[in-house]
Structures are given as C-alpha cells and as structure tokens.
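Read through the structure below, which is laid out as structure tokens, and then see the notes.
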Amino acid sequence: ARRLWRGSDLGRRTRALVEQTSLGSARHRSSLNRRWTFLFLLAPLVVLGPVVGHDFVFDDQDFLVHGEVLHHVSGLVRGFTEPYWRIAGVEAAQPYYRPLGVSAFSALWLLGGGHPWSFHLASLLLHGACAAALARLALRFGATPTVATIAGLLFALHPAQVQTVAWSTCLTELACTGCVLGALLAWSRRRSLALGLWLLTALLFKETAVAGALV
C-alpha cells in the first residue's frame, strides 16, 4: 500500500507540497534571522551609539592606555604566555588567564590607532550580537517570535547594560557572554563539537564562562 501511495499521482503531489512548504519555511526562517540580526545590531548603535565618541574610563586607563604591551603586534599573542593583569604591569592577587581578551584589546588598539572609538564600536556590535543570540535561544526554547524579539530588545537596551558597553575592558565580558550563548544554542541543537568549541572560546575570554559549562 505504501508503494502504491508513493507511486500514485496524489502521493507525488503531496510530497511536492511538503517539500515546497519545508523550503518556504526554511526561507522564511532565514529571512527572519537576517532581519533579526540587523535589528539587534542596529538597536544598540542607535540608542547607545554616542558612547563611540567617549574616552576610556576606569580600568581602561590602567590596562589599555598604560599597558604598552598591547600597543605592539606582539600583544596579539602575549596574553597566552602571561597573566591578564601582568600585561598592564599590575601584580594582582588573582592571576587571571584571558588570552583572547588580551589579543582582542591589542588588535583594537592597533586598528584604531590607540583611540577609544574602535573599542566602543566593537563593544556595541558584540552587545547587539549577544541580543540576537539571546532572542534566537528564546525561540529554541519555545518562545513566540514576538516574545523572543521583546526579550532580545530588552537585553539590548536595558539601562543596566550601559556600563558593560561603555567600559572598554568589559569587552571580555561581552565576548564571553556571546560565546556562552553560542554554546547554549549548540547544546539545544545537540552539536557536541560546536558546544565544546564555544565554551573553550568563552573561557579564553573570561573565566566566568565556567558558569555556562555548569548549565
């Protein structure tokens, strides 16, 4: 009976309809994802964009401005061989290991010629990417597109996020958060290798990513 059904004209039409519907759904999801990504990248740029014209603050001065190691190409790899704060000449009680954070700081310093705008712009884009990942994760856990969009925008535009975006050395936290969200998305899709790579990358940005591993 199954063979007769598959070979019948009605069976062929049904399969074609299912394939078209699946293709249409995939295209719709792809289009939605592109619009979402644009929305969440744009929202922080519009609302928090003025921070791009601001100077370095707090630890930024000690670590970025006075951390001359970061001002040279060698700074791109220096974080893999030295504790985080020693890069700035500070012997901290806790020898944090954040090599990818140090590499990112050095790259942004070289890219922007030592000006704060490159750090602030990178932070804004990372923050928007985190918001997009959070909204997508909400969808994976059953939220409607409307609820997921609201959750992402609330994360992107909440006043509590201003400090993390405006404080240049908090870029490690933004990158760590984005990688942990990527790991959770990989986990929801049962992609073990991607999960491990996301978590490892997060840990190399900031040690607090261990919380993502515990989840």
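Labels used: A, B, ... for chains in the order of the structure tokens, numbers from 1 for residues in each chain, and numbers from 1 for ligands as shown.
By only C-alpha atoms, and with residues fewer than 3 positions from Val65 (chain A) along its chain excluded, the set lying at most 10 Å from it is A:Phe56, A:Asp59, A:Asp60, A:Gln61, A:Asp62, A:Glu68, A:Val69, A:Leu70, A:His71, A:Ala88, A:Trp109, A:Gly114, A:His115, A:Pro116.
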Emit the selected residues as a compact mmCIF listing (two decimals), in the first residue's frame, including all heavy atoms.
```txt
# COMPACT_ATOMS: atom_id res chain seq x y z
N PHE A 56 38.29 56.63 27.27
CA PHE A 56 38.47 55.46 28.13
C PHE A 56 38.09 55.83 29.56
O PHE A 56 38.23 56.98 29.97
CB PHE A 56 39.92 54.97 28.10
CG PHE A 56 40.35 54.41 26.77
CD1 PHE A 56 41.39 55.00 26.06
CD2 PHE A 56 39.73 53.30 26.25
CE1 PHE A 56 41.80 54.47 24.85
CE2 PHE A 56 40.13 52.75 25.03
CZ PHE A 56 41.16 53.34 24.33
N ASP A 59 39.35 51.20 34.61
CA ASP A 59 40.46 50.28 34.33
C ASP A 59 40.99 50.42 32.91
O ASP A 59 42.10 49.93 32.63
CB ASP A 59 40.01 48.83 34.54
CG ASP A 59 39.75 48.52 36.00
OD1 ASP A 59 40.19 49.29 36.86
OD2 ASP A 59 39.09 47.49 36.29
N ASP A 60 40.22 51.03 32.04
CA ASP A 60 40.70 51.22 30.67
C ASP A 60 42.03 51.97 30.66
O ASP A 60 42.92 51.67 29.86
CB ASP A 60 39.68 52.03 29.85
CG ASP A 60 38.34 51.34 29.75
OD1 ASP A 60 38.26 50.16 30.08
OD2 ASP A 60 37.37 52.02 29.34
N GLN A 61 42.15 52.97 31.54
CA GLN A 61 43.38 53.76 31.59
C GLN A 61 44.57 52.90 31.98
O GLN A 61 45.63 52.95 31.36
CB GLN A 61 43.21 54.93 32.58
CG GLN A 61 42.16 55.95 32.17
CD GLN A 61 42.60 56.77 30.98
OE1 GLN A 61 43.80 56.89 30.68
NE2 GLN A 61 41.65 57.37 30.28
N ASP A 62 44.38 52.09 33.04
CA ASP A 62 45.49 51.26 33.53
C ASP A 62 45.86 50.16 32.54
O ASP A 62 47.04 49.91 32.28
CB ASP A 62 45.12 50.61 34.87
CG ASP A 62 44.99 51.63 35.97
OD1 ASP A 62 45.69 52.67 35.91
OD2 ASP A 62 44.18 51.41 36.90
N GLU A 68 51.50 49.16 27.70
CA GLU A 68 52.19 49.37 26.43
C GLU A 68 52.42 48.08 25.65
O GLU A 68 52.65 48.11 24.44
CB GLU A 68 53.53 50.07 26.68
CG GLU A 68 53.35 51.49 27.24
CD GLU A 68 54.68 52.22 27.36
OE1 GLU A 68 55.72 51.63 26.96
OE2 GLU A 68 54.69 53.36 27.86
N VAL A 69 52.34 46.96 26.34
CA VAL A 69 52.50 45.67 25.65
C VAL A 69 51.44 45.53 24.55
O VAL A 69 51.69 44.97 23.48
CB VAL A 69 52.37 44.50 26.65
CG1 VAL A 69 52.30 43.16 25.93
CG2 VAL A 69 53.56 44.52 27.61
N LEU A 70 50.25 46.07 24.81
CA LEU A 70 49.15 45.95 23.86
C LEU A 70 49.34 46.82 22.63
O LEU A 70 48.65 46.63 21.62
CB LEU A 70 47.83 46.36 24.54
CG LEU A 70 47.41 45.56 25.77
CD1 LEU A 70 46.17 46.17 26.39
CD2 LEU A 70 47.15 44.11 25.41
N HIS A 71 50.24 47.76 22.70
CA HIS A 71 50.41 48.73 21.62
C HIS A 71 51.27 48.21 20.48
O HIS A 71 51.51 48.94 19.51
CB HIS A 71 51.01 50.03 22.16
CG HIS A 71 50.23 50.61 23.30
ND1 HIS A 71 50.69 51.67 24.06
CD2 HIS A 71 49.01 50.28 23.83
CE1 HIS A 71 49.79 51.97 25.00
NE2 HIS A 71 48.78 51.14 24.88
N ALA A 88 49.43 44.74 32.14
CA ALA A 88 49.38 46.17 32.48
C ALA A 88 50.40 46.54 33.55
O ALA A 88 50.40 47.67 34.05
CB ALA A 88 47.98 46.53 32.95
N TRP A 109 43.45 48.18 19.56
CA TRP A 109 44.36 49.32 19.74
C TRP A 109 45.08 49.63 18.44
O TRP A 109 45.18 50.78 18.02
CB TRP A 109 45.37 49.02 20.85
CG TRP A 109 46.29 50.18 21.13
CD1 TRP A 109 47.44 50.50 20.46
CD2 TRP A 109 46.10 51.20 22.11
NE1 TRP A 109 48.00 51.64 20.98
CE2 TRP A 109 47.19 52.09 22.00
CE3 TRP A 109 45.15 51.44 23.10
CZ2 TRP A 109 47.34 53.20 22.83
CZ3 TRP A 109 45.29 52.55 23.92
CH2 TRP A 109 46.37 53.41 23.78
N GLY A 114 45.00 53.55 18.78
CA GLY A 114 45.01 53.93 20.19
C GLY A 114 43.83 54.80 20.60
O GLY A 114 43.77 55.24 21.75
N HIS A 115 42.89 55.02 19.70
CA HIS A 115 41.72 55.84 20.03
C HIS A 115 40.58 54.96 20.54
O HIS A 115 40.44 53.79 20.12
CB HIS A 115 41.26 56.63 18.81
CG HIS A 115 42.28 57.60 18.31
ND1 HIS A 115 42.62 58.74 19.01
CD2 HIS A 115 43.06 57.60 17.19
CE1 HIS A 115 43.55 59.40 18.35
NE2 HIS A 115 43.84 58.74 17.24
N PRO A 116 39.75 55.48 21.43
CA PRO A 116 38.71 54.67 22.06
C PRO A 116 37.61 54.19 21.12
O PRO A 116 36.93 53.20 21.42
CB PRO A 116 38.12 55.61 23.13
CG PRO A 116 39.14 56.67 23.33
CD PRO A 116 39.82 56.84 22.02
```
May I have the residues within 8 Å of Pro83 (chain A) as a PDB file with C-alpha atoms, in the first residue's frame, using only C-alpha atoms and disregarding those fewer than 2 positions away in the same chain?
```pdb
ATOM      1  CA  GLY A  79      48.197  37.035  26.681  1.00  0.00           C
ATOM      2  CA  PHE A  80      48.855  33.343  26.037  1.00  0.00           C
ATOM      3  CA  THR A  81      52.087  33.455  27.999  1.00  0.00           C
ATOM      4  CA  TRP A  85      46.893  41.925  34.826  1.00  0.00           C
ATOM      5  CA  ARG A  86      50.633  41.497  34.420  1.00  0.00           C
ATOM      6  CA  ILE A  87      50.160  42.798  30.878  1.00  0.00           C
ATOM      7  CA  PRO A  95      46.485  35.705  38.064  1.00  0.00           C
ATOM      8  CA  TYR A  96      43.570  35.702  35.607  1.00  0.00           C
ATOM      9  CA  TYR A  97      44.116  33.976  32.269  1.00  0.00           C
ATOM     10  CA  ARG A  98      42.243  35.758  29.461  1.00  0.00           C
TER      11      ARG A  98
END
```
Which residues of region 97-134 of chain A come within 8 Å of region 173-192 of chain A, and for each one, what is the closest pair of atoms and their distance in Å to one decimal, counting only C-alpha atoms, sorted by chain and residue number, as JSON lines?
```
{"residue": "A:Ser123", "atom": "CA", "partner": "A:Leu174", "partner_atom": "CA", "distance": 7.1}
{"residue": "A:Leu126", "atom": "CA", "partner": "A:Leu174", "partner_atom": "CA", "distance": 6.2}
{"residue": "A:His127", "atom": "CA", "partner": "A:Leu174", "partner_atom": "CA", "distance": 6.2}
{"residue": "A:Ala129", "atom": "CA", "partner": "A:Gly178", "partner_atom": "CA", "distance": 7.0}
{"residue": "A:Cys130", "atom": "CA", "partner": "A:Gly178", "partner_atom": "CA", "distance": 4.9}
{"residue": "A:Ala133", "atom": "CA", "partner": "A:Leu181", "partner_atom": "CA", "distance": 6.2}
{"residue": "A:Leu134", "atom": "CA", "partner": "A:Leu181", "partner_atom": "CA", "distance": 6.7}
```
May I have the residues from that selection written out with N, CA, C and O atoms, as a PDB file, in the first residue's frame?
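That gives us out_37.pdb:
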```pdb
ATOM      1  N   SER A 123      32.413  46.915  21.093  1.00  0.00           N
ATOM      2  CA  SER A 123      31.533  46.563  22.206  1.00  0.00           C
ATOM      3  C   SER A 123      30.070  46.653  21.799  1.00  0.00           C
ATOM      4  O   SER A 123      29.263  45.790  22.147  1.00  0.00           O
ATOM      5  N   LEU A 126      29.279  43.665  19.512  1.00  0.00           N
ATOM      6  CA  LEU A 126      29.221  42.436  20.307  1.00  0.00           C
ATOM      7  C   LEU A 126      27.949  42.378  21.144  1.00  0.00           C
ATOM      8  O   LEU A 126      27.308  41.325  21.260  1.00  0.00           O
ATOM      9  N   HIS A 127      27.572  43.507  21.701  1.00  0.00           N
ATOM     10  CA  HIS A 127      26.353  43.565  22.512  1.00  0.00           C
ATOM     11  C   HIS A 127      25.130  43.253  21.654  1.00  0.00           C
ATOM     12  O   HIS A 127      24.232  42.507  22.071  1.00  0.00           O
ATOM     13  N   ALA A 129      25.126  41.451  18.924  1.00  0.00           N
ATOM     14  CA  ALA A 129      25.192  40.025  18.585  1.00  0.00           C
ATOM     15  C   ALA A 129      24.697  39.160  19.741  1.00  0.00           C
ATOM     16  O   ALA A 129      24.018  38.144  19.529  1.00  0.00           O
ATOM     17  N   CYS A 130      25.007  39.558  20.972  1.00  0.00           N
ATOM     18  CA  CYS A 130      24.519  38.828  22.149  1.00  0.00           C
ATOM     19  C   CYS A 130      22.998  38.885  22.223  1.00  0.00           C
ATOM     20  O   CYS A 130      22.339  37.885  22.542  1.00  0.00           O
ATOM     21  N   ALA A 133      21.571  36.514  19.679  1.00  0.00           N
ATOM     22  CA  ALA A 133      21.725  35.124  20.125  1.00  0.00           C
ATOM     23  C   ALA A 133      20.725  34.785  21.219  1.00  0.00           C
ATOM     24  O   ALA A 133      20.157  33.686  21.251  1.00  0.00           O
ATOM     25  N   LEU A 134      20.481  35.738  22.120  1.00  0.00           N
ATOM     26  CA  LEU A 134      19.515  35.510  23.196  1.00  0.00           C
ATOM     27  C   LEU A 134      18.112  35.325  22.634  1.00  0.00           C
ATOM     28  O   LEU A 134      17.372  34.432  23.063  1.00  0.00           O
TER      29      LEU A 134
END
```
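Here CA of Glu82 (chain A) stands at a distance of 8.3 Å from CA of Pro99 (chain A).
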(request) Could you please determine the separation between CA of Trp117 (chain A) and CA of Val52 (chain A) in Å, to one decimal place? (result) 4.9 Å
(message) For region 37-40 of chain A, find every residue with an atom within 8 Å (counting only C-alpha atoms), except residues of its own chain fewer than 2 positions away, and show them as a VMD selection string.
(response) chain A and resid 33 to 35 42 to 44 128 to 129 131 to 132 152 to 153 156
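From CA of Leu204 (chain A) back to CA of Phe105 (chain A), the distance works out to 13.4 Å.
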(request) DSSP on the backbone, then: every residue of region 29-208 of chain A marked alpha helix (DSSP H), written as a ChimeraX atom specification. (result) /A:29-47,59-60,75-78,99-112,117-140,145-157,162-166,171-188,192-205
